[in-house]
file target10.txt (compact mmCIF, C-alpha atoms)
# COMPACT_ATOMS: atom_id res chain seq x y z
CA MET J 1 20.66 -71.60 17.18
CA LEU J 2 20.13 -72.95 13.67
CA ARG J 3 17.32 -75.20 14.95
CA LEU J 4 15.64 -72.19 16.59
CA CYS J 5 15.78 -70.18 13.35
CA LYS J 6 14.24 -73.07 11.41
CA LYS J 7 11.42 -73.27 13.93
CA LEU J 8 10.75 -69.54 13.80
CA LEU J 9 10.96 -69.23 10.01
CA PRO J 10 7.43 -70.55 9.22
CA THR J 11 5.96 -68.31 11.88
CA SER J 12 7.78 -65.26 10.47
CA VAL J 13 6.58 -66.03 6.93
CA THR J 14 3.02 -66.33 8.20
CA LEU J 15 3.20 -62.99 10.02
CA VAL J 16 4.65 -61.24 6.96
CA SER J 17 1.95 -62.69 4.72
CA LEU J 18 -0.74 -61.51 7.15
CA ALA J 19 0.80 -58.05 7.44
CA ALA J 20 1.09 -57.53 3.68
CA PRO J 21 -2.64 -57.15 3.03
CA ILE J 22 -2.89 -54.84 6.03
CA SER J 23 -0.15 -52.62 4.58
CA ALA J 24 -1.87 -52.59 1.23
CA MET J 25 -5.16 -51.69 2.86
CA ALA J 26 -3.43 -48.88 4.79
CA GLU J 27 -2.00 -47.47 1.58
CA GLU J 28 -5.45 -47.55 0.01
CA THR J 29 -7.05 -45.91 3.06
CA VAL J 30 -4.55 -43.03 3.17
CA ALA J 31 -5.24 -41.98 -0.38
CA LYS J 32 -3.97 -38.70 -1.68
CA PRO J 33 -6.59 -35.93 -1.60
CA ALA J 34 -8.07 -34.74 -4.86
CA TYR J 35 -7.19 -31.17 -4.04
CA GLY J 36 -3.82 -29.41 -3.93
CA LEU J 37 -2.43 -28.86 -0.44
CA PRO J 38 -0.39 -25.69 -1.26
CA ASP J 39 -3.41 -24.19 -3.03
CA THR J 40 -5.65 -25.11 -0.12
CA ALA J 41 -3.28 -23.50 2.39
CA TYR J 42 -3.08 -20.33 0.30
CA VAL J 43 -6.82 -19.87 -0.20
CA ALA J 44 -7.55 -20.78 3.44
CA THR J 45 -5.17 -18.02 4.52
CA CYS J 46 -6.88 -15.60 2.13
CA ALA J 47 -10.26 -16.56 3.60
CA LEU J 48 -9.12 -15.68 7.12
CA PHE J 49 -7.92 -12.26 5.97
CA VAL J 50 -11.22 -11.63 4.18
CA MET J 51 -12.99 -12.48 7.46
CA LEU J 52 -10.92 -9.85 9.26
CA MET J 53 -11.67 -7.42 6.44
CA MET J 54 -15.35 -7.81 7.26
CA LEU J 55 -15.18 -8.24 11.05
CA PRO J 56 -13.90 -6.01 12.45
CA GLY J 57 -12.52 -4.06 9.44
CA LEU J 58 -15.71 -2.81 7.81
CA ALA J 59 -17.43 -2.37 11.18
CA LEU J 60 -14.62 -0.18 12.56
CA PHE J 61 -14.36 1.78 9.31
CA TYR J 62 -18.04 2.69 9.50
CA GLY J 63 -18.18 2.96 13.28
CA GLY J 64 -15.64 5.76 13.40
CA MET J 65 -17.62 7.75 10.82
CA SER J 66 -20.76 7.82 12.95
CA ARG J 67 -21.57 10.14 15.83
CA SER J 68 -20.64 8.62 19.17
CA LYS J 69 -24.28 8.12 20.16
CA ASN J 70 -24.72 5.74 17.20
CA VAL J 71 -21.41 3.88 17.00
CA LEU J 72 -22.64 0.68 18.66
CA SER J 73 -25.66 0.56 16.38
CA ILE J 74 -23.33 0.61 13.36
CA LEU J 75 -21.06 -2.09 14.79
CA THR J 76 -24.09 -4.22 15.67
CA GLN J 77 -25.74 -3.83 12.27
CA VAL J 78 -22.56 -4.86 10.43
CA PHE J 79 -21.85 -7.78 12.77
CA SER J 80 -25.39 -9.17 12.88
CA GLY J 81 -25.88 -8.54 9.16
CA ALA J 82 -22.77 -10.57 8.35
CA CYS J 83 -23.91 -13.42 10.62
CA LEU J 84 -27.37 -13.40 9.04
CA VAL J 85 -25.94 -13.56 5.53
CA ILE J 86 -23.60 -16.44 6.41
CA PHE J 87 -26.60 -18.36 7.77
CA LEU J 88 -28.62 -17.67 4.62
CA TRP J 89 -25.63 -18.54 2.42
CA THR J 90 -25.31 -21.89 4.19
CA ALA J 91 -29.04 -22.59 4.03
CA VAL J 92 -29.81 -21.70 0.42
CA GLY J 93 -27.33 -19.16 -0.96
CA TYR J 94 -24.52 -21.57 -1.80
CA THR J 95 -26.73 -24.10 -3.54
CA LEU J 96 -28.70 -21.47 -5.47
CA THR J 97 -25.45 -19.93 -6.67
CA PHE J 98 -23.31 -22.95 -7.53
CA THR J 99 -25.57 -25.86 -8.44
CA GLU J 100 -27.61 -26.48 -11.56
CA GLY J 101 -31.32 -25.81 -11.55
CA PRO J 102 -34.27 -25.73 -13.93
CA PHE J 103 -33.75 -21.99 -14.48
CA GLN J 104 -29.98 -22.26 -14.81
CA SER J 105 -29.53 -19.03 -16.75
CA VAL J 106 -30.66 -16.94 -13.76
CA ILE J 107 -30.59 -19.13 -10.62
CA GLY J 108 -29.27 -22.49 -9.45
CA GLY J 109 -30.92 -25.46 -7.78
CA LEU J 110 -31.46 -26.79 -4.26
CA ASP J 111 -29.33 -29.94 -4.33
CA LYS J 112 -26.95 -28.65 -1.65
CA ILE J 113 -29.38 -26.94 0.69
CA PHE J 114 -27.69 -26.57 4.10
CA LEU J 115 -24.58 -28.09 2.43
CA ARG J 116 -26.35 -31.42 1.95
CA GLY J 117 -24.04 -33.88 0.22
CA VAL J 118 -20.90 -31.81 0.76
CA THR J 119 -18.20 -33.85 2.52
CA PRO J 120 -14.50 -33.36 3.32
CA ASP J 121 -13.71 -35.52 0.28
CA ASN J 122 -15.49 -33.25 -2.21
CA ASN J 123 -13.40 -30.83 -4.19
CA VAL J 124 -13.98 -27.87 -6.48
CA GLY J 125 -11.01 -27.67 -8.78
CA VAL J 126 -7.89 -27.75 -6.62
CA LEU J 127 -9.75 -26.85 -3.40
CA PRO J 128 -11.81 -28.83 -0.90
CA GLU J 129 -15.44 -27.89 -1.47
CA TYR J 130 -15.78 -26.81 2.15
CA LEU J 131 -13.04 -24.22 1.58
CA TYR J 132 -14.65 -23.03 -1.64
CA TYR J 133 -17.93 -22.65 0.24
CA LEU J 134 -16.13 -20.71 3.00
CA PHE J 135 -14.30 -18.32 0.70
CA MET J 136 -17.44 -17.52 -1.26
CA ALA J 137 -19.45 -17.23 1.98
CA LEU J 138 -17.18 -14.41 3.09
CA PHE J 139 -17.63 -12.65 -0.26
CA ALA J 140 -21.37 -12.91 0.28
CA ALA J 141 -21.23 -11.84 3.92
CA ILE J 142 -19.37 -8.58 3.34
CA THR J 143 -21.60 -7.33 0.51
CA PRO J 144 -24.97 -6.52 2.16
CA PRO J 145 -23.35 -4.89 5.26
CA ILE J 146 -21.62 -2.41 2.94
CA ILE J 147 -25.08 -0.89 2.39
CA VAL J 148 -25.42 -0.17 6.13
CA GLY J 149 -23.31 2.96 5.71
CA ALA J 150 -25.95 4.56 3.50
CA PHE J 151 -28.86 4.54 5.98
CA ALA J 152 -26.69 4.81 9.10
CA GLU J 153 -28.03 6.52 12.23
CA ARG J 154 -31.71 6.36 11.32
CA MET J 155 -32.96 2.85 10.50
CA ARG J 156 -34.74 0.51 12.91
CA PHE J 157 -32.76 -2.61 13.76
CA PRO J 158 -35.50 -5.12 12.76
CA ALA J 159 -35.86 -3.29 9.46
CA VAL J 160 -32.10 -3.49 8.90
CA LEU J 161 -32.11 -7.27 9.32
CA VAL J 162 -35.12 -7.81 7.07
CA PHE J 163 -33.70 -5.49 4.42
CA LEU J 164 -30.28 -7.18 4.38
CA GLY J 165 -31.77 -10.68 4.30
CA VAL J 166 -34.27 -9.98 1.52
CA TRP J 167 -31.76 -8.00 -0.55
CA PHE J 168 -29.23 -10.80 -0.25
CA LEU J 169 -31.70 -13.43 -1.47
CA ILE J 170 -33.22 -11.50 -4.38
CA ASP J 171 -30.18 -9.53 -5.52
CA TYR J 172 -26.82 -10.95 -4.47
CA VAL J 173 -27.59 -14.64 -4.91
CA PRO J 174 -29.00 -14.48 -8.46
CA MET J 175 -26.36 -11.96 -9.53
CA ALA J 176 -23.59 -14.17 -8.15
CA HIS J 177 -25.06 -17.18 -9.94
CA MET J 178 -25.40 -15.35 -13.23
CA ALA J 179 -21.79 -14.14 -13.03
CA TRP J 180 -19.98 -17.03 -11.32
CA GLY J 181 -22.30 -20.02 -11.18
CA GLY J 182 -22.93 -20.73 -14.85
CA GLY J 183 -25.62 -18.16 -15.57
CA TRP J 184 -26.06 -16.09 -18.72
CA VAL J 185 -23.86 -13.17 -17.62
CA ALA J 186 -20.75 -15.37 -17.55
CA ALA J 187 -21.29 -16.32 -21.20
CA TRP J 188 -21.01 -12.67 -22.25
CA GLY J 189 -17.40 -12.49 -21.12
CA ALA J 190 -17.50 -9.26 -19.14
CA GLN J 191 -14.14 -8.31 -17.64
CA ASP J 192 -14.82 -8.41 -13.91
CA PHE J 193 -12.21 -10.48 -12.17
CA ALA J 194 -13.12 -10.24 -8.48
CA GLY J 195 -16.64 -8.89 -8.16
CA GLY J 196 -16.81 -5.27 -9.22
CA ASN J 197 -20.42 -5.76 -10.36
CA VAL J 198 -21.65 -8.47 -7.98
CA VAL J 199 -20.20 -6.91 -4.84
CA HIS J 200 -19.46 -3.21 -5.19
CA MET J 201 -21.79 -1.92 -7.87
CA ASN J 202 -24.73 -3.88 -6.48
CA ALA J 203 -24.10 -2.60 -2.95
CA GLY J 204 -23.34 0.94 -4.09
CA VAL J 205 -26.49 1.33 -6.15
CA ALA J 206 -28.53 -0.25 -3.35
CA ALA J 207 -27.06 2.33 -0.99
CA LEU J 208 -28.25 5.16 -3.22
CA VAL J 209 -31.79 3.79 -3.52
CA ALA J 210 -32.04 2.99 0.20
CA SER J 211 -30.78 6.41 1.26
CA ILE J 212 -33.35 8.12 -0.97
CA MET J 213 -36.21 5.93 0.23
CA ILE J 214 -35.46 6.35 3.94
CA GLY J 215 -34.84 10.10 3.71
CA LYS J 216 -32.23 12.41 5.19
CA ARG J 217 -30.99 12.35 8.77
CA ARG J 218 -32.74 14.93 10.93
CA GLY J 219 -30.64 18.03 11.35
CA LEU J 220 -28.49 17.39 8.31
CA GLY J 221 -26.91 20.70 7.33
CA THR J 222 -27.59 22.34 10.69
CA VAL J 223 -26.13 19.82 13.16
CA VAL J 224 -22.48 18.75 13.16
CA MET J 225 -22.30 15.17 11.89
CA ALA J 226 -18.54 14.78 11.59
CA PRO J 227 -16.91 11.39 12.28
CA HIS J 228 -16.53 10.96 16.03
CA ASP J 229 -13.35 8.82 15.97
CA MET J 230 -10.98 8.98 13.02
CA THR J 231 -8.56 6.55 14.69
CA MET J 232 -11.30 3.91 14.55
CA THR J 233 -11.99 4.66 10.88
CA TYR J 234 -8.25 4.63 10.15
CA THR J 235 -7.85 1.23 11.84
CA GLY J 236 -10.82 -0.22 9.99
CA GLY J 237 -9.59 1.22 6.69
CA CYS J 238 -6.16 -0.35 7.16
CA MET J 239 -7.77 -3.73 7.88
CA LEU J 240 -9.86 -3.35 4.74
CA PHE J 241 -6.72 -2.60 2.74
CA VAL J 242 -4.93 -5.70 4.00
CA GLY J 243 -7.99 -7.92 3.59
CA TRP J 244 -8.57 -6.64 0.07
CA LEU J 245 -5.27 -8.16 -1.04
CA ALA J 246 -6.63 -11.56 -0.01
CA PHE J 247 -10.08 -10.74 -1.38
CA CYS J 248 -8.69 -10.34 -4.90
CA GLY J 249 -5.58 -12.50 -4.53
CA GLY J 250 -7.59 -15.56 -3.54
CA CYS J 251 -9.81 -15.33 -6.62
CA ASP J 252 -7.31 -17.36 -8.64
CA TYR J 253 -8.20 -20.27 -6.28
CA ALA J 254 -4.60 -21.47 -6.43
CA VAL J 255 -1.15 -20.27 -5.46
CA SER J 256 0.78 -19.16 -8.52
CA GLY J 257 2.66 -16.28 -10.04
CA HIS J 258 -0.62 -14.92 -11.35
CA ALA J 259 -2.16 -15.05 -7.89
CA ILE J 260 0.69 -12.97 -6.51
CA GLU J 261 0.27 -10.57 -9.43
CA LEU J 262 -3.34 -10.14 -8.34
CA VAL J 263 -2.16 -9.22 -4.85
CA ILE J 264 0.35 -6.71 -6.22
CA ASN J 265 -2.15 -5.14 -8.61
CA THR J 266 -4.68 -4.81 -5.80
CA MET J 267 -2.12 -3.17 -3.54
CA LEU J 268 -1.08 -0.74 -6.26
CA GLY J 269 -4.69 0.14 -7.00
CA GLY J 270 -5.17 1.12 -3.36
CA VAL J 271 -1.89 3.03 -3.35
CA GLY J 272 -2.88 4.94 -6.50
CA GLY J 273 -6.25 5.77 -4.99
CA ALA J 274 -4.77 7.03 -1.73
CA LEU J 275 -2.16 9.22 -3.44
CA GLY J 276 -4.63 10.50 -6.04
CA TRP J 277 -7.19 11.54 -3.42
CA MET J 278 -4.49 13.08 -1.24
CA ILE J 279 -3.11 15.23 -4.07
CA MET J 280 -6.54 16.36 -5.27
CA GLU J 281 -7.68 17.23 -1.78
CA TRP J 282 -4.40 19.03 -1.08
CA MET J 283 -4.81 21.12 -4.21
CA HIS J 284 -8.51 21.82 -3.67
CA ARG J 285 -8.64 22.35 0.10
CA GLY J 286 -5.09 23.36 0.88
CA ARG J 287 -4.25 20.36 3.05
CA PRO J 288 -4.65 16.57 2.91
CA SER J 289 -6.78 14.80 5.52
CA THR J 290 -6.36 11.37 7.06
CA PHE J 291 -9.98 10.63 6.22
CA GLY J 292 -9.39 11.59 2.60
CA ILE J 293 -6.28 9.44 2.19
CA VAL J 294 -8.00 6.38 3.68
CA SER J 295 -11.12 7.02 1.59
CA GLY J 296 -8.96 7.31 -1.51
CA ALA J 297 -7.35 3.96 -0.80
CA ILE J 298 -10.78 2.33 -0.50
CA ALA J 299 -11.88 4.00 -3.74
CA GLY J 300 -8.80 2.71 -5.53
CA LEU J 301 -9.37 -0.79 -4.16
CA VAL J 302 -12.97 -0.75 -5.42
CA GLY J 303 -11.76 0.34 -8.86
CA ILE J 304 -9.06 -2.32 -9.10
CA THR J 305 -11.38 -5.16 -8.02
CA PRO J 306 -12.72 -5.87 -11.53
CA ALA J 307 -9.40 -4.95 -13.16
CA CYS J 308 -6.78 -6.79 -11.09
CA GLY J 309 -6.65 -9.83 -13.37
CA PHE J 310 -6.49 -7.91 -16.66
CA VAL J 311 -4.16 -4.93 -16.18
CA SER J 312 -0.47 -4.42 -15.54
CA PRO J 313 1.03 -3.07 -12.30
CA ALA J 314 1.42 0.35 -13.93
CA GLY J 315 -2.16 0.14 -15.17
CA SER J 316 -3.28 -0.70 -11.62
CA ILE J 317 -1.85 2.56 -10.32
CA ALA J 318 -3.60 4.48 -13.09
CA VAL J 319 -6.91 2.72 -12.33
CA GLY J 320 -6.56 3.66 -8.66
CA ILE J 321 -5.81 7.32 -9.37
CA LEU J 322 -8.59 7.77 -11.91
CA THR J 323 -11.15 5.91 -9.79
CA SER J 324 -10.36 8.07 -6.77
CA ALA J 325 -10.83 11.17 -8.96
CA ALA J 326 -14.30 9.97 -9.96
CA CYS J 327 -15.18 9.13 -6.35
CA ILE J 328 -14.03 12.43 -4.85
CA TRP J 329 -16.11 14.25 -7.46
CA ALA J 330 -19.16 12.15 -6.53
CA VAL J 331 -18.66 12.72 -2.80
CA ASP J 332 -18.06 16.47 -3.10
CA ASN J 333 -20.42 17.34 -5.94
CA LEU J 334 -22.86 14.66 -7.05
CA LYS J 335 -24.39 14.24 -3.60
CA ASN J 336 -24.91 17.98 -3.27
CA ILE J 337 -26.42 18.27 -6.75
CA PHE J 338 -29.12 15.66 -6.08
CA GLY J 339 -29.44 16.18 -2.33
CA TYR J 340 -29.57 12.57 -1.14
CA ASP J 341 -28.15 11.63 2.28
CA ASP J 342 -25.82 8.69 1.72
CA ALA J 343 -24.40 8.96 5.24
CA PHE J 344 -21.00 7.32 4.71
CA ASP J 345 -20.77 7.84 0.92
CA VAL J 346 -21.33 4.20 0.03
CA PHE J 347 -22.64 5.07 -3.42
CA GLY J 348 -19.92 7.68 -3.94
CA ILE J 349 -17.17 5.14 -3.18
CA HIS J 350 -18.53 1.71 -4.05
CA GLY J 351 -21.10 2.58 -6.71
CA ILE J 352 -19.16 5.23 -8.62
CA GLY J 353 -15.88 3.42 -7.94
CA ALA J 354 -17.20 0.18 -9.44
CA MET J 355 -18.55 2.01 -12.49
CA ALA J 356 -15.25 3.79 -13.06
CA GLY J 357 -13.26 0.62 -12.40
CA GLY J 358 -15.39 -1.44 -14.77
CA LEU J 359 -14.82 0.99 -17.63
CA LEU J 360 -11.14 1.50 -16.84
CA THR J 361 -10.62 -2.27 -16.79
CA THR J 362 -11.32 -2.46 -20.50
CA VAL J 363 -9.14 0.56 -21.26
CA PHE J 364 -6.07 -0.65 -19.37
CA ALA J 365 -6.54 -4.27 -20.47
CA ALA J 366 -5.31 -3.10 -23.89
CA PRO J 367 -2.04 -4.86 -24.81
CA PHE J 368 -0.34 -1.59 -25.80
CA LEU J 369 -0.91 -0.43 -22.19
CA GLY J 370 0.56 -3.63 -20.78
CA GLY J 371 -2.79 -5.37 -20.22
CA ALA J 372 -3.81 -8.95 -20.87
CA GLY J 373 -5.91 -8.10 -23.92
CA TYR J 374 -9.40 -9.27 -24.82
CA SER J 375 -11.25 -12.42 -25.75
CA GLU J 376 -10.72 -13.71 -29.28
CA GLY J 377 -12.52 -11.59 -31.81
CA ARG J 378 -12.91 -8.58 -29.52
CA ASP J 379 -11.20 -5.24 -29.39
CA MET J 380 -11.47 -2.41 -26.89
CA LEU J 381 -14.65 -0.99 -28.42
CA SER J 382 -16.58 -4.27 -28.56
CA GLN J 383 -15.46 -5.24 -25.07
CA MET J 384 -16.51 -1.83 -23.78
CA GLY J 385 -19.99 -2.47 -25.18
CA VAL J 386 -20.19 -5.68 -23.15
CA GLN J 387 -18.98 -3.89 -20.02
CA VAL J 388 -21.59 -1.14 -20.33
CA PHE J 389 -24.40 -3.60 -21.00
CA ILE J 390 -23.60 -5.88 -18.04
CA MET J 391 -23.06 -2.91 -15.73
CA GLY J 392 -26.39 -1.43 -16.82
CA PHE J 393 -28.10 -4.76 -16.14
CA SER J 394 -26.50 -4.90 -12.65
CA ILE J 395 -27.70 -1.38 -11.87
CA LEU J 396 -31.26 -2.21 -12.96
CA VAL J 397 -31.40 -5.38 -10.85
CA SER J 398 -30.03 -3.58 -7.81
CA VAL J 399 -32.56 -0.74 -8.10
CA VAL J 400 -35.52 -3.12 -8.34
CA ALA J 401 -34.26 -5.49 -5.63
CA THR J 402 -33.51 -2.64 -3.22
CA PHE J 403 -36.96 -1.15 -3.69
CA ILE J 404 -38.56 -4.53 -2.89
CA ALA J 405 -36.27 -5.11 0.10
CA MET J 406 -37.04 -1.69 1.56
CA LYS J 407 -40.77 -2.32 1.20
CA ALA J 408 -40.32 -5.66 2.96
CA ALA J 409 -38.36 -3.92 5.75
CA ALA J 410 -41.21 -1.44 6.22
CA MET J 411 -43.50 -4.34 7.12
CA THR J 412 -41.63 -4.78 10.41
CA GLY J 413 -43.38 -1.71 11.82
CA GLY J 414 -41.64 0.97 9.83
CA VAL J 415 -38.20 1.54 8.40
CA ARG J 416 -37.14 4.59 10.34
CA VAL J 417 -36.68 5.24 14.07
CA SER J 418 -38.75 7.93 15.74
CA GLU J 419 -37.56 11.52 15.96
CA GLU J 420 -36.90 11.10 19.70
CA VAL J 421 -34.79 7.98 19.16
CA GLU J 422 -32.81 9.61 16.39
CA GLU J 423 -32.17 12.63 18.59
CA SER J 424 -31.03 10.66 21.63
CA GLY J 425 -29.09 8.09 19.61
CA LEU J 426 -29.66 4.51 18.52
CA ASP J 427 -27.12 2.94 20.89
CA LEU J 428 -29.06 3.40 24.12
CA THR J 429 -32.59 3.30 22.75
CA CYS J 430 -32.17 0.34 20.37
CA HIS J 431 -29.51 -1.71 22.14
CA GLY J 432 -29.51 -0.50 25.76
CA GLU J 433 -25.79 0.27 25.69
CA THR J 434 -23.44 3.21 25.34
CA ALA J 435 -20.05 3.14 23.72
CA TYR J 436 -18.29 5.67 25.94
CA ARG J 437 -18.49 6.66 29.60
CA LEU J 438 -16.53 9.18 31.64
CA SER J 439 -16.07 9.12 35.39
CA THR J 440 -17.39 12.23 37.12
CA MET J 441 -15.89 13.94 40.15
CA THR J 442 -18.24 11.95 42.42
CA GLY J 443 -17.19 8.65 40.95
CA ASP J 444 -20.46 8.09 39.10
CA GLU J 445 -20.43 7.28 35.42
CA GLU J 446 -22.18 9.45 32.91
CA SER J 447 -22.93 8.61 29.32
CA VAL J 448 -21.21 11.06 27.03
CA TYR J 449 -22.60 11.80 23.57
CA HIS J 450 -21.27 14.32 21.09

call {"tool": "encode", "arguments": {"input": "target10.txt", "output": "structure tokens"}}
result
Amino acid sequence: MLRLCKKLLPTSVTLVSLAAPISAMAEETVAKPAYGLPDTAYVATCALFVMLMMLPGLALFYGGMSRSKNVLSILTQVFSGACLVIFLWTAVGYTLTFTEGPFQSVIGGLDKIFLRGVTPDNNVGVLPEYLYYLFMALFAAITPPIIVGAFAERMRFPAVLVFLGVWFLIDYVPMAHMAWGGGWVAAWGAQDFAGGNVVHMNAGVAALVASIMIGKRRGLGTVVMAPHDMTMTYTGGCMLFVGWLAFCGGCDYAVSGHAIELVINTMLGGVGGALGWMIMEWMHRGRPSTFGIVSGAIAGLVGITPACGFVSPAGSIAVGILTSAACIWAVDNLKNIFGYDDAFDVFGIHGIGAMAGGLLTTVFAAPFLGGAGYSEGRDMLSQMGVQVFIMGFSILVSVVATFIAMKAAAMTGGVRVSEEVEESGLDLTCHGETAYRLSTMTGDEESVYH
């Protein structure tokens, strides 16, 4: 036995010596990633919820508001618009927003066109760059489809696609770069934590301009245009509410106590908005409506979007209540005063809500109200001046970009559908489908429109 061990000993030493470099190489190959795994898991989860917020959340929310003869057209416009924007974001949007270019103050470069050079090993802060691209792609994808609610039930499908694509490239991308990608707006230090200006104000103002340029729906004021399915709108609104928590909560790009505070503040903003709208409607009209409560929640969520990282939980409730008050006034009064036909009140909720939220952010960021305070050397008054200036700039850019995008859409053969198509409905004439059918006594199926 001893002789056998002596014979095997040199062989064993040789095998161990050969295996040692292999083990070292294995340790080098399985290197620790540069990004944080808990943070990656958190933001990836947020991204999935934001996707559901867009599809089907926004589509269902708008679809239920339409007349039944147009519901598929709304769903299709939101779905195809989101897909188009994701394609454009991948092609040029991401690189123009988040890389350096010769005109860095207003737009980025083309180094990462079609994600060129981005690999699984790249990271942005604590996240894989692919995940950062994904999360920001979903922010981009939900913004232009918000505008669909303004010109609903009367715009040609090719015109919709051209409008959304052009508006995304000349409005959203440069505005996102200026605010988040190292442009001049970021240097001003405006208090906008999760996209009140870039997402909601831009889309809301675009909705106002687009609705004015395309004109009113035929029969408005004489034909009943009430939402055809409030259960659909309710379902979509609830999905928006849930997704909004991830929309704002993921903007810390890491899992932390502050990230959870963002989620809580966002939730409380929506709660304040829902309760505020409900109470005001109850007092004014004698009873609260499901539509009003859901709309109030969305208004509160719009208002808290810029504020969620700067205000306290109590301040979040106040922001939600006050924003919903501004939005219900805009929906009930402002639209009637000026006579524009913003079909689903996109400007009244997103535009006015973002304006109110942007101003209220600075108010409730005050330390004596429990807020996080201001940048060094600033007080409430000086910070408010910055807020107003940046918001005014966002409004101006959105007005100009929307005008150009609508003119580009008109080059497809016109912006608006014919009177006959609008009368019969866009579902069948534009897409060859109907949303609802009822069986007749003879067993045949008949399209049913309200």

call {"tool": "closest_residue", "arguments": {"input": "target10.txt", "among": "J:Val363, J:Met201, J:Thr222, J:Val302", "to": "Cys248 (chain J)", "atoms": "all atoms listed in the file"}}
result
J:Val302

call {"tool": "closest_atom_pairs", "arguments": {"input": "target10.txt", "of": "region 214-288 of chain J", "to": "region 413-435 of chain J", "cutoff": "10 Å", "atoms": "all atoms listed in the file", "output": "CSV"}}
result
residue,atom,partner,partner_atom,distance
J:Ile214,CA,J:Arg416,CA,6.8
J:Gly215,CA,J:Arg416,CA,8.9
J:Arg217,CA,J:Glu422,CA,8.3
J:Arg218,CA,J:Glu422,CA,7.6
J:Gly219,CA,J:Glu423,CA,9.2

call {"tool": "atom_distance", "arguments": {"input": "target10.txt", "atom1": "CA of Val400 (chain J)", "atom2": "CA of Gly357 (chain J)"}}
result
22.9 Å

call {"tool": "axis_aligned_box", "arguments": {"input": "target10.txt", "around": "region 380-391 of chain J", "padding_each_side": "8 Å", "output": "lines of an AutoDock Vina configuration file"}}
result
center_x = -17.9
center_y = -3.4
center_z = -22.1
size_x = 28.9
size_y = 20.9
size_z = 28.8

call {"tool": "atom_distance", "arguments": {"input": "target10.txt", "atom1": "CA of Phe403 (chain J)", "atom2": "CA of Phe98 (chain J)"}}
result
26.0 Å

call {"tool": "atom_distance", "arguments": {"input": "target10.txt", "atom1": "CA of Phe168 (chain J)", "atom2": "CA of Leu84 (chain J)"}}
result
9.8 Å

call {"tool": "closest_residue", "arguments": {"input": "target10.txt", "among": "J:Ile86, J:Leu396, J:Ala354, J:Val242", "to": "Met175 (chain J)", "atoms": "all atoms listed in the file"}}
result
J:Leu396

call {"tool": "residues_around", "arguments": {"input": "target10.txt", "residues": "region 34-47 of chain J", "least_positions_apart": "3", "cutoff": "12 Å", "atoms": "only C-alpha atoms", "output": "VMD selection string"}}
result
chain J and resid 31 50 to 54 120 to 139 141 242 to 256 259 to 260 263

call {"tool": "write_last_selection", "arguments": {"input": "target10.txt", "atoms": "C-alpha atoms", "output": "mmCIF file, in the coordinates of the input"}}
result
data_model
loop_
_atom_site.group_PDB
_atom_site.id
_atom_site.type_symbol
_atom_site.label_atom_id
_atom_site.label_comp_id
_atom_site.auth_asym_id
_atom_site.auth_seq_id
_atom_site.Cartn_x
_atom_site.Cartn_y
_atom_site.Cartn_z
ATOM 1 C CA ALA J 31 -5.240 -41.980 -0.380
ATOM 2 C CA VAL J 50 -11.220 -11.630 4.180
ATOM 3 C CA MET J 51 -12.990 -12.480 7.460
ATOM 4 C CA LEU J 52 -10.920 -9.850 9.260
ATOM 5 C CA MET J 53 -11.670 -7.420 6.440
ATOM 6 C CA MET J 54 -15.350 -7.810 7.260
ATOM 7 C CA PRO J 120 -14.500 -33.360 3.320
ATOM 8 C CA ASP J 121 -13.710 -35.520 0.280
ATOM 9 C CA ASN J 122 -15.490 -33.250 -2.210
ATOM 10 C CA ASN J 123 -13.400 -30.830 -4.190
ATOM 11 C CA VAL J 124 -13.980 -27.870 -6.480
ATOM 12 C CA GLY J 125 -11.010 -27.670 -8.780
ATOM 13 C CA VAL J 126 -7.890 -27.750 -6.620
ATOM 14 C CA LEU J 127 -9.750 -26.850 -3.400
ATOM 15 C CA PRO J 128 -11.810 -28.830 -0.900
ATOM 16 C CA GLU J 129 -15.440 -27.890 -1.470
ATOM 17 C CA TYR J 130 -15.780 -26.810 2.150
ATOM 18 C CA LEU J 131 -13.040 -24.220 1.580
ATOM 19 C CA TYR J 132 -14.650 -23.030 -1.640
ATOM 20 C CA TYR J 133 -17.930 -22.650 0.240
ATOM 21 C CA LEU J 134 -16.130 -20.710 3.000
ATOM 22 C CA PHE J 135 -14.300 -18.320 0.700
ATOM 23 C CA MET J 136 -17.440 -17.520 -1.260
ATOM 24 C CA ALA J 137 -19.450 -17.230 1.980
ATOM 25 C CA LEU J 138 -17.180 -14.410 3.090
ATOM 26 C CA PHE J 139 -17.630 -12.650 -0.260
ATOM 27 C CA ALA J 141 -21.230 -11.840 3.920
ATOM 28 C CA VAL J 242 -4.930 -5.700 4.000
ATOM 29 C CA GLY J 243 -7.990 -7.920 3.590
ATOM 30 C CA TRP J 244 -8.570 -6.640 0.070
ATOM 31 C CA LEU J 245 -5.270 -8.160 -1.040
ATOM 32 C CA ALA J 246 -6.630 -11.560 -0.010
ATOM 33 C CA PHE J 247 -10.080 -10.740 -1.380
ATOM 34 C CA CYS J 248 -8.690 -10.340 -4.900
ATOM 35 C CA GLY J 249 -5.580 -12.500 -4.530
ATOM 36 C CA GLY J 250 -7.590 -15.560 -3.540
ATOM 37 C CA CYS J 251 -9.810 -15.330 -6.620
ATOM 38 C CA ASP J 252 -7.310 -17.360 -8.640
ATOM 39 C CA TYR J 253 -8.200 -20.270 -6.280
ATOM 40 C CA ALA J 254 -4.600 -21.470 -6.430
ATOM 41 C CA VAL J 255 -1.150 -20.270 -5.460
ATOM 42 C CA SER J 256 0.780 -19.160 -8.520
ATOM 43 C CA ALA J 259 -2.160 -15.050 -7.890
ATOM 44 C CA ILE J 260 0.690 -12.970 -6.510
ATOM 45 C CA VAL J 263 -2.160 -9.220 -4.850
#
